[in-house]
Structures are given as structure tokens and as C-alpha cells.
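Below is one structure, written out as C-alpha cells, with a few remarks after it.
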Amino acid sequence: MLKSIVVFICVLFLTYFCYSYFNQQDNKSIILPNVASSISSETQTSSSNIPNISNEIIAEAPNDIELNTSVVAEDNEDFFNQFNHLTKSHFQSAEQLTSGFINEDGEVSKAALEDSFKVSDFDEFITKVDAIEKSENAAIREATLAQNLYQLEDIQVYSERYSCAGKICLVSFNFDGNDENTAELSKFTDNYSFTNITEGENGVKQFKAVYIETDDPSTLSLSY
């Protein structure tokens with residue numbers, strides 16, 4: 001009887017061992033190949049997409065830059081084409097800007113003044129002058145102009161723009177107040193003063209001025 005029990009236990013143990021062994025083999029053969037296949041598939045998908053995206057970015061960037069440059073250049077040419085006397089070269093340096101307004105005999109160009117006040121966008125005109133490198137003297141004149149601008153009596157100033165380069169200073173602003181008091185602004189240094197005041201349809205008054213540095217404002221002479 002005891003012998004039969006021992007044999008039964010041995011058979012039961014052997015059966016359990018065989019079942020466990022073959023079950024583990026089946027699990028390995030099912031799981032491992034799928035995991036490896038999944039990892040390989042994801043890696044190939046990622047690596048194949050990255051080069052295509054990079055190539056598209058590199059190819060499109062130069063086209064965008066060329067397009068923007070072309071538009072800016074065209075706008076600049078349209079601006080300078082407004083002038084009859086001044087040219088694009090007059091805005092290359094402070095000396096050239098001054099020569100556009102004052103000839104070798106010290107006479108002020110009437111044609112340059114006409115160009116200045118007929119320009120379609122006076123603020124853009126000021127922006128072009130502001131891009132010119134300033135001498136120490138021009139920087140001082142500009143700072144003094146700004147200081148005097150905010151000290152005008154009985155005038156409220158807004159939307160102001162100003163810049164100086166060489167012997168030339170430009171200023172524009174909208175204002176409320178007495179027109180005659182704007183004449184005080186020319187006294188920020190010794191200048192030939194040329195001004196224009198207009199009133200828009202909405203009743204807003206705009207002041208524009210060209211100030212040309214001189215040792216003696218009473219000696220003004222004009223040439224065309």
C-alpha cells in the first residue's frame with residue numbers, strides 16, 4: 001500500500017514538471033517574437049519620417065527669405081521714386097543728406113524742400129533719416145529738439161516723430177492748441193526753418209518741419 005502511494009506521488013510530480021516546462025516554452029515562443037517585431041517596426045517608422053521633415057524645412061526656408069527681401073526692396077524703390085530732386089544716394093550718409101538740401105554755395109535747395117513736404121508718408125521719410133549714422137553734433141541737436149518739443153506752451157503734442165542727421169532735422173506731430181506757438185520749436189538751435197501745418201478731415205492738426213542748421217538764420221538764400 002505504501003509503495004503504491006509513493007509511485008502515485010512520483011507520477012503526479014512528473015506530470016506537473018512536464019506541464020510547467022512545456023507551458024514556459026510556449027509562452028516564450030509567443031511573446032518574444034512579437035515584442036521584437038514591435039520595437040523594430042517603431043524604430044523603422046521614426047527613422048524614415050525624420051529625414052523627410054528636415055528636407056522640407058531646409059528647402060522652403062531660402063524661398064521665404066528671398067520673397068521677403070524682394071518685397072522690402074520693392075517698397076524702398078517706390079518710396080524713393082516719389083522724389084524729383086532727392087535720390088536714394090542722399091540717404092547713404094549724413095554728408096550726402098546735407099548735400100541734398102544745401103549746395104556748395106550754402107544755398108538751400110527749394111526742390112529738396114518740395115520733395116520733403118510732398119512725400120506721401122512723412123513719418124517714413126523721418127525713418128529713412130533716422131537710419132543714417134549720427135555724428136555727436138546731430139545726436140545733441142536731436143536731444144535738444146525733443147526737449148523743446150515737450151516744452152511748447154499751450155500745445156498738446158502726440159504721435160510725435162523726429163530725427164537729425166548731418167545738418168538736417170525732421171519732425172512731425174499731431175497737436176491741439178495754438179498754431180503760432182509751434183514756431184518756438186525752431187529755436188532749439190540756430191536753424192533755417194521750414195514748416196507746414198495741415199488739418200485732416202477728422203479735425204486733427206499735423207505739424208511737419210525741416211530744420212537746417214546754420215550759423216546765421218538771417219542769411220537764407222534759396223536755389224532750385
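Chain identifiers are assigned as A, B, and so on, following the order in which chains appear in the C-alpha cells; residues are numbered from 1 within each chain, and ligands are numbered from 1 in order of appearance.
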
Selection near segment 121-135 of chain A, 7 Å with only C-alpha atoms, sequence-local residues under 6 positions removed, as an MDAnalysis selection string: chainID A and resid 91:94 161:165 170

Those of segment 125-214 of chain A in DSSP alpha helix (DSSP H), formatted as a list in words: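 Residues meeting the alpha helix (DSSP H) criterion: Phe125, Ile126, Thr127, Lys128, Val129, Asp130, Glu136, Asn137, Ala138, Ala139, Ile140, Arg141, Glu142, Ala143, Thr144, Leu145, Ala146, Gln147, Asn148 and Leu149 of chain A.
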
Top pick for closest residue to Pro217 of chain A, considering A:Glu107, A:Glu184, A:Glu201, A:Asp190 and counting only C-alpha atoms: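 Answer, going by the shortest atom-to-atom distance: A:Asp190.
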
Selection: 9 Å around Asn191 of chain A, only C-alpha atoms, excl. self and same-chain fewer than 4 positions, as a PyMOL selection string: chain A and resi 186-187+211-217
